[in-house]
$ cat model.cif   # mmCIF, C-alpha atoms
data_run
#
loop_
_atom_site.label_atom_id
_atom_site.label_comp_id
_atom_site.auth_asym_id
_atom_site.auth_seq_id
_atom_site.Cartn_x
_atom_site.Cartn_y
_atom_site.Cartn_z
CA MET A 561 -101.94 70.60 49.34
CA GLY A 562 -98.86 71.48 51.34
CA GLU A 563 -96.88 69.25 53.63
CA SER A 564 -98.34 67.81 56.83
CA ASN A 565 -96.95 68.08 60.33
CA GLU A 566 -96.03 64.40 60.14
CA GLN A 567 -93.69 65.40 57.32
CA ALA A 568 -92.35 68.13 59.57
CA ALA A 569 -91.32 65.42 62.00
CA SER A 570 -89.66 63.35 59.29
CA GLY A 571 -87.69 66.28 57.88
CA GLU A 572 -89.35 66.51 54.46
CA VAL A 573 -90.14 70.22 54.37
CA LYS A 574 -88.25 73.48 54.12
CA SER A 575 -85.67 74.75 56.59
CA THR A 576 -85.29 73.79 60.22
CA ALA A 577 -86.55 75.49 63.35
CA THR A 578 -86.50 74.40 66.95
CA LEU A 579 -88.37 75.90 69.85
CA SER A 580 -87.84 74.31 73.23
CA ALA A 581 -90.56 74.28 75.85
CA GLY A 582 -90.75 77.72 77.42
CA GLU A 583 -87.65 78.99 75.62
CA GLY A 584 -87.77 82.73 76.15
CA LEU A 585 -91.56 82.84 75.99
CA PHE A 586 -92.30 82.84 79.72
CA ASP A 587 -94.73 79.93 79.45
CA SER A 588 -96.15 78.65 82.72
CA PRO A 589 -96.38 74.88 83.29
CA SER A 590 -100.14 75.00 82.68
CA GLN A 591 -99.65 76.90 79.41
CA ILE A 592 -97.05 74.45 78.20
CA ALA A 593 -99.21 71.44 79.10
CA ALA A 594 -102.34 72.80 77.38
CA ARG A 595 -100.50 73.86 74.24
CA ARG A 596 -98.59 70.61 73.94
CA LEU A 597 -101.84 68.68 74.37
CA ALA A 598 -103.46 70.70 71.59
CA LEU A 599 -100.53 70.24 69.20
CA GLU A 600 -100.39 66.51 69.87
CA ALA A 601 -104.12 66.17 69.20
CA LEU A 602 -103.96 68.03 65.89
CA ASN A 603 -101.00 65.94 64.77
CA ALA A 604 -102.73 62.72 65.81
CA ASP A 605 -105.83 63.65 63.83
CA GLY A 606 -103.78 64.58 60.76
CA ILE A 607 -105.19 68.10 60.45
CA PRO A 608 -103.09 70.54 58.39
CA PHE A 609 -102.06 73.60 60.42
CA VAL A 610 -99.20 76.04 60.80
CA ILE A 611 -98.04 77.98 63.83
CA ALA A 612 -97.57 81.74 63.70
CA GLY A 613 -97.76 84.35 66.46
CA ALA A 614 -95.11 84.64 69.16
CA TYR A 615 -93.64 81.18 68.56
CA ALA A 616 -92.90 81.80 64.88
CA LEU A 617 -91.72 85.33 65.58
CA ARG A 618 -89.30 84.00 68.20
CA GLU A 619 -87.82 81.56 65.71
CA TYR A 620 -87.46 84.00 62.84
CA THR A 621 -86.35 87.11 64.75
CA GLY A 622 -85.21 86.07 68.22
CA LEU A 623 -87.85 88.41 69.66
CA PHE A 624 -88.90 87.29 73.14
CA ARG A 625 -92.53 87.89 73.99
CA ASP A 626 -94.81 86.71 76.75
CA THR A 627 -97.67 85.13 74.83
CA LYS A 628 -101.16 84.59 76.20
CA ASP A 629 -102.08 81.89 73.69
CA LEU A 630 -101.01 79.60 70.86
CA ASP A 631 -101.89 80.80 67.35
CA VAL A 632 -102.90 77.88 65.13
CA PHE A 633 -103.53 78.86 61.51
CA CYS A 634 -105.56 76.59 59.23
CA LYS A 635 -107.68 76.83 56.12
CA ARG A 636 -111.29 77.88 56.64
CA ASP A 637 -112.58 74.46 55.59
CA ASP A 638 -110.42 72.81 58.26
CA ALA A 639 -111.40 75.07 61.17
CA ARG A 640 -114.25 72.85 62.34
CA ARG A 641 -111.94 69.83 62.21
CA VAL A 642 -109.47 71.68 64.43
CA LEU A 643 -112.24 72.53 66.89
CA ALA A 644 -113.46 68.93 66.89
CA SER A 645 -109.94 67.73 67.64
CA LEU A 646 -109.64 70.17 70.55
CA ALA A 647 -113.08 69.19 71.85
CA ARG A 648 -112.03 65.54 71.78
CA ILE A 649 -109.31 66.27 74.36
CA GLY A 650 -111.63 68.21 76.63
CA PHE A 651 -111.29 71.77 75.38
CA ARG A 652 -114.37 73.99 75.30
CA VAL A 653 -114.55 75.36 71.77
CA GLU A 654 -116.29 78.32 70.18
CA LEU A 655 -116.56 80.01 66.82
CA THR A 656 -115.61 83.44 68.12
CA ASP A 657 -115.93 85.31 64.84
CA ALA A 658 -117.27 83.49 61.79
CA LEU A 659 -115.13 85.68 59.56
CA TRP A 660 -111.73 84.69 60.86
CA LEU A 661 -111.38 83.30 64.41
CA ALA A 662 -112.28 80.39 66.67
CA LYS A 663 -110.95 79.42 70.11
CA GLY A 664 -110.37 76.37 72.23
CA PHE A 665 -110.25 76.66 76.03
CA ALA A 666 -108.62 74.12 78.34
CA GLU A 667 -110.20 73.44 81.73
CA ASP A 668 -107.70 75.72 83.49
CA GLY A 669 -108.55 78.63 81.19
CA GLU A 670 -105.54 78.36 78.88
CA PHE A 671 -106.60 78.77 75.28
CA VAL A 672 -105.67 78.28 71.64
CA ASP A 673 -106.58 80.71 68.87
CA VAL A 674 -107.69 79.01 65.65
CA ILE A 675 -107.21 81.54 62.84
CA PHE A 676 -108.31 81.02 59.24
CA SER A 677 -108.31 84.57 57.88
CA SER A 678 -107.74 88.14 59.04
CA GLY A 679 -110.30 90.40 60.64
CA ASN A 680 -110.47 92.56 57.52
CA GLY A 681 -111.05 89.56 55.25
CA VAL A 682 -107.84 90.04 53.24
CA ALA A 683 -105.31 87.49 54.50
CA GLU A 684 -107.17 84.22 54.02
CA VAL A 685 -105.18 81.08 54.86
CA ASP A 686 -104.73 78.96 51.74
CA ASP A 687 -102.55 76.15 50.41
CA ARG A 688 -99.61 78.51 49.87
CA TRP A 689 -99.18 78.85 53.64
CA PHE A 690 -98.42 75.13 53.75
CA ALA A 691 -96.42 74.82 50.54
CA ARG A 692 -94.00 77.45 51.86
CA ALA A 693 -94.04 76.42 55.53
CA ARG A 694 -90.93 75.55 57.52
CA ARG A 695 -90.66 72.59 59.81
CA GLY A 696 -89.98 73.04 63.48
CA LEU A 697 -90.55 71.93 67.04
CA VAL A 698 -92.97 74.01 69.06
CA LEU A 699 -92.76 73.12 72.74
CA GLY A 700 -91.08 69.91 71.64
CA ILE A 701 -93.92 68.94 69.28
CA PRO A 702 -93.36 68.71 65.49
CA ALA A 703 -95.21 71.52 63.73
CA LEU A 704 -95.00 73.64 60.62
CA LEU A 705 -94.17 77.32 61.04
CA ALA A 706 -95.98 79.86 58.88
CA PRO A 707 -93.64 81.42 56.29
CA PRO A 708 -92.36 84.96 56.98
CA GLU A 709 -94.05 86.25 53.83
CA GLU A 710 -97.48 85.06 55.00
CA ILE A 711 -96.93 86.42 58.51
CA ILE A 712 -96.03 89.82 57.07
CA TRP A 713 -99.12 89.71 54.85
CA SER A 714 -101.39 88.98 57.81
CA LYS A 715 -99.74 91.56 60.10
CA ALA A 716 -99.28 94.40 57.61
CA TYR A 717 -102.86 95.62 57.96
CA VAL A 718 -103.05 95.58 61.77
CA MET A 719 -103.02 99.26 62.72
CA GLU A 720 -105.66 99.63 65.42
CA ARG A 721 -105.38 102.18 68.24
CA GLU A 722 -104.92 99.33 70.70
CA ARG A 723 -102.74 97.12 68.51
CA TYR A 724 -100.11 97.82 65.89
CA ASP A 725 -98.10 95.00 64.30
CA GLY A 726 -95.70 97.20 62.33
CA ALA A 727 -92.77 96.48 64.64
CA ASP A 728 -93.26 92.75 64.03
CA VAL A 729 -93.22 93.37 60.28
CA GLN A 730 -90.02 95.39 60.56
CA HIS A 731 -88.28 92.73 62.64
CA LEU A 732 -89.27 90.03 60.16
CA VAL A 733 -87.81 92.15 57.35
CA ARG A 734 -84.66 92.78 59.36
CA HIS A 735 -83.98 89.12 60.10
CA CYS A 736 -85.45 87.40 57.02
CA ALA A 737 -84.61 89.83 54.21
CA GLN A 738 -81.87 87.65 52.70
CA THR A 739 -84.20 84.69 52.22
CA MET A 740 -87.39 86.68 51.61
CA ASP A 741 -89.22 85.93 48.38
CA TRP A 742 -89.81 89.58 47.55
CA ARG A 743 -91.68 88.96 44.31
CA TYR A 744 -94.06 86.66 46.12
CA LEU A 745 -94.56 89.16 48.96
CA ILE A 746 -95.34 91.94 46.47
CA TRP A 747 -97.81 89.61 44.78
CA ARG A 748 -99.41 88.76 48.15
CA LEU A 749 -100.11 92.42 48.88
CA GLY A 750 -101.70 92.57 45.45
CA GLU A 751 -103.60 95.80 44.90
CA HIS A 752 -102.22 97.38 48.07
CA PRO A 753 -98.56 98.19 47.29
CA GLU A 754 -98.79 101.29 49.50
CA VAL A 755 -99.18 99.12 52.60
CA LEU A 756 -95.97 97.17 51.99
CA LEU A 757 -94.14 100.32 50.88
CA ALA A 758 -95.15 102.09 54.10
CA HIS A 759 -93.77 99.28 56.23
CA LEU A 760 -90.52 99.15 54.27
CA MET A 761 -90.05 102.90 54.56
CA LEU A 762 -90.58 102.63 58.32
CA PHE A 763 -88.02 99.82 58.35
CA ARG A 764 -85.52 102.20 56.72
CA PHE A 765 -86.34 104.79 59.38
CA SER A 766 -86.04 102.34 62.29
CA PHE A 767 -82.84 100.71 61.05
CA PRO A 768 -80.97 103.36 59.02
CA GLY A 769 -77.79 101.28 58.94
CA GLU A 770 -79.59 98.33 57.34
CA LYS A 771 -81.45 100.00 54.47
CA ASP A 772 -79.66 97.83 51.93
CA LYS A 773 -81.37 94.70 53.27
CA VAL A 774 -84.35 95.58 51.10
CA PRO A 775 -83.37 95.44 47.40
CA ASP A 776 -83.70 98.74 45.54
CA TRP A 777 -85.83 97.13 42.86
CA VAL A 778 -88.45 96.21 45.48
CA LEU A 779 -88.87 99.84 46.53
CA ASP A 780 -88.76 101.02 42.92
CA GLN A 781 -91.53 98.62 41.91
CA LEU A 782 -93.71 99.53 44.89
CA ILE A 783 -93.25 103.25 44.28
CA VAL A 784 -94.22 102.91 40.62
CA SER A 785 -97.29 100.85 41.56
CA SER A 786 -98.28 103.30 44.29
CA ARG A 787 -98.10 106.28 41.92
CA ARG A 788 -100.60 104.93 39.43
CA PRO A 789 -103.62 107.22 39.00
CA SER A 790 -106.73 106.45 41.01
CA SER A 791 -109.47 104.74 39.05
CA SER A 792 -113.02 106.08 39.05
CA HIS A 793 -113.90 103.22 41.41
CA GLU A 794 -111.23 104.29 43.90
CA ARG A 795 -112.14 107.97 44.09
CA THR A 796 -114.96 107.34 46.55
CA LEU A 797 -113.27 104.45 48.36
CA CYS A 798 -111.90 104.35 51.91
CA ARG A 799 -109.27 101.65 52.39
CA GLY A 800 -108.57 102.78 55.94
CA THR A 801 -111.10 100.21 57.14
CA LEU A 802 -108.67 97.50 56.04
CA LEU A 803 -106.22 98.91 58.61
CA SER A 804 -108.62 99.65 61.46
CA SER A 805 -112.18 98.49 62.02
CA VAL A 806 -113.30 101.64 63.85
CA GLN A 807 -110.99 104.59 63.17
CA TYR A 808 -112.45 105.40 59.76
CA GLU A 809 -116.14 105.27 60.67
CA MET A 810 -116.45 109.05 60.27
CA ASP A 811 -115.23 108.82 56.69
CA LEU A 812 -117.82 106.17 55.89
CA GLN A 813 -120.51 108.32 57.47
CA GLU A 814 -119.42 111.14 55.18
CA GLY A 815 -120.20 108.94 52.20
CA LEU A 816 -117.00 107.10 51.30
CA ARG A 817 -117.35 103.42 50.47
CA ASP A 818 -115.96 100.69 52.70
CA ALA A 819 -113.09 98.80 51.01
CA ARG A 820 -113.65 95.68 53.09
CA PRO A 821 -115.38 92.72 51.46
CA GLU A 822 -119.14 93.15 51.75
CA GLU A 823 -119.62 90.30 54.21
CA VAL A 824 -116.88 91.71 56.47
CA ALA A 825 -118.26 95.24 56.44
CA SER A 826 -121.82 94.04 57.06
CA TRP A 827 -120.75 91.80 59.94
CA ARG A 828 -118.66 94.52 61.56
CA THR A 829 -121.57 96.98 61.29
CA PHE A 830 -123.96 94.42 62.78
CA ARG A 831 -121.62 93.82 65.71
CA GLY A 832 -121.02 97.50 66.25
CA HIS A 833 -117.27 97.61 65.46
#
$ encode --input "model.cif" --output "structure tokens"
Amino acid sequence: MGESNEQAASGEVKSTATLSAGEGLFDSPSQIAARRLALEALNADGIPFVIAGAYALREYTGLFRDTKDLDVFCKRDDARRVLASLARIGFRVELTDALWLAKGFAEDGEFVDVIFSSGNGVAEVDDRWFARARRGLVLGIPALLAPPEEIIWSKAYVMERERYDGADVQHLVRHCAQTMDWRYLIWRLGEHPEVLLAHLMLFRFSFPGEKDKVPDWVLDQLIVSSRRPSSSHERTLCRGTLLSSVQYEMDLQEGLRDARPEEVASWRTFRGH
């Protein structure tokens, strides 16, 4: 098990990050109050969680973004504990999507996202998120920040028509490359080296004067892995569904197999997206 948020307060975990209330994130007083209340409750109940989303991105990259919610990441087995903690302080809670997402709503409508996986079933929150977390203050409350490598892993597959997280990935690479654990990140992407390679090539395109921030050996390894011959299993596979839940439906209808885990694909089909 990784470090707790109490340890974040005592200075026993990696690195240091500070985020002042409303610093560059355009939080309204009601947003700040609801989010602080949620963080305090989770700390008081001793529930392991890390913060990602706009707050972590602000710390790692300096990117200012108006955020509609607070993204609390936890392990799947802890999600109900998080919801119970939020319910205890008066939040209305719901299991929005049993595959990856729950929510807690304050009385004034402000809400917290409770995330324990990704919508495609790939980026499941596990103990490594906590072992590699960095301590910080979010709105003045001690909290652990999700590591850049895990944030990249969870964002790398988000390529919907209405949402694309590639710019976030590129900015994390730009600002965290020197401390990035590249071997770990390659391992995290596992059997999908093409996804990481695509983002790194786009980084080189977006920031041509900073190409050397990504070590040559990283690109070399990803290129070699990406060029391996397709297996017989892969020849009828569509991995596009890992990038977008709807934009590859035609290919599935033509007979290609869905690369998403069976429970994810079945649930998405049942819900109509």
$ resolve_selection --input "model.cif" --expression "the PyMOL selection byres ((chain A and resi 668-670) around 12)" --output "PyMOL selection string"
chain A and resi 587-598+627-630+650-653+663-667+671-673
$ atom_distance --input "model.cif" --atom1 "atom CA of A:Arg618" --atom2 "atom CA of A:Leu757"
24.3 Å
$ atom_distance --input "model.cif" --atom1 "atom CA of A:Val682" --atom2 "atom CA of A:Arg820"
8.1 Å
$ resolve_selection --input "model.cif" --expression "the PyMOL selection byres ((chain A and resi 639) around 10)" --output "PyMOL selection string"
chain A and resi 607-609+632-638+640-645+655+660-663+674-676
$ residues_around --input "model.cif" --residues "stretch 792-799 of chain A" --least-positions-apart "3" --cutoff "8 Å" --atoms "all atoms listed in the file" --output "list of chain:residue names"
A:Leu802, A:Leu803, A:Tyr808, A:Asp811, A:Leu812, A:Gly815, A:Leu816, A:Arg817, A:Asp818, A:Ala819, A:Arg820
$ closest_atom_pairs --input "model.cif" --of "stretch 752-784 of chain A" --to "stretch 708-716 of chain A" --cutoff "8 Å" --atoms "all atoms listed in the file" --output "CSV"
residue,atom,partner,partner_atom,distance
A:Val755,CA,A:Ala716,CA,6.9
A:Leu756,CA,A:Ala716,CA,7.1
A:His759,CA,A:Ala716,CA,7.5
$ resolve_selection --input "model.cif" --expression "the PyMOL selection byres ((chain A and resi 728-736) around 9)" --output "PyMOL selection string"
chain A and resi 617+620-623+708-709+711-713+715-716+724-727+737-740+759-760+762-763+766-767+770+773-774
$ write_last_selection --input "model.cif" --atoms "C-alpha atoms" --output "PDB file, keeping the file's coordinate frame"
ATOM      1  CA  LEU A 617     -91.720  85.330  65.580  1.00  0.00           C
ATOM      2  CA  TYR A 620     -87.460  84.000  62.840  1.00  0.00           C
ATOM      3  CA  THR A 621     -86.350  87.110  64.750  1.00  0.00           C
ATOM      4  CA  GLY A 622     -85.210  86.070  68.220  1.00  0.00           C
ATOM      5  CA  LEU A 623     -87.850  88.410  69.660  1.00  0.00           C
ATOM      6  CA  PRO A 708     -92.360  84.960  56.980  1.00  0.00           C
ATOM      7  CA  GLU A 709     -94.050  86.250  53.830  1.00  0.00           C
ATOM      8  CA  ILE A 711     -96.930  86.420  58.510  1.00  0.00           C
ATOM      9  CA  ILE A 712     -96.030  89.820  57.070  1.00  0.00           C
ATOM     10  CA  TRP A 713     -99.120  89.710  54.850  1.00  0.00           C
ATOM     11  CA  LYS A 715     -99.740  91.560  60.100  1.00  0.00           C
ATOM     12  CA  ALA A 716     -99.280  94.400  57.610  1.00  0.00           C
ATOM     13  CA  TYR A 724    -100.110  97.820  65.890  1.00  0.00           C
ATOM     14  CA  ASP A 725     -98.100  95.000  64.300  1.00  0.00           C
ATOM     15  CA  GLY A 726     -95.700  97.200  62.330  1.00  0.00           C
ATOM     16  CA  ALA A 727     -92.770  96.480  64.640  1.00  0.00           C
ATOM     17  CA  ALA A 737     -84.610  89.830  54.210  1.00  0.00           C
ATOM     18  CA  GLN A 738     -81.870  87.650  52.700  1.00  0.00           C
ATOM     19  CA  THR A 739     -84.200  84.690  52.220  1.00  0.00           C
ATOM     20  CA  MET A 740     -87.390  86.680  51.610  1.00  0.00           C
ATOM     21  CA  HIS A 759     -93.770  99.280  56.230  1.00  0.00           C
ATOM     22  CA  LEU A 760     -90.520  99.150  54.270  1.00  0.00           C
ATOM     23  CA  LEU A 762     -90.580 102.630  58.320  1.00  0.00           C
ATOM     24  CA  PHE A 763     -88.020  99.820  58.350  1.00  0.00           C
ATOM     25  CA  SER A 766     -86.040 102.340  62.290  1.00  0.00           C
ATOM     26  CA  PHE A 767     -82.840 100.710  61.050  1.00  0.00           C
ATOM     27  CA  GLU A 770     -79.590  98.330  57.340  1.00  0.00           C
ATOM     28  CA  LYS A 773     -81.370  94.700  53.270  1.00  0.00           C
ATOM     29  CA  VAL A 774     -84.350  95.580  51.100  1.00  0.00           C
TER      30      VAL A 774
END
$ atom_distance --input "model.cif" --atom1 "atom CA of A:Asn680" --atom2 "atom CA of A:Gly613"
17.6 Å
$ residues_around --input "model.cif" --residues "A:Glu722" --least-positions-apart "2" --cutoff "12 Å" --atoms "only C-alpha atoms" --output "list in words"
Val718, Met719, Glu720, Tyr724, Asp725, Ser804, Ser805, Val806 and Gln807 of chain A
$ closest_residue --input "model.cif" --among "A:Ala693, A:Met761, A:Ala706, A:Ala683" --to "A:Arg748" --atoms "all atoms listed in the file"
A:Ala683
$ closest_residue --input "model.cif" --among "A:Asp631, A:Glu822, A:Glu751, A:Glu814" --to "A:Arg788" --atoms "all atoms listed in the file"
A:Glu751
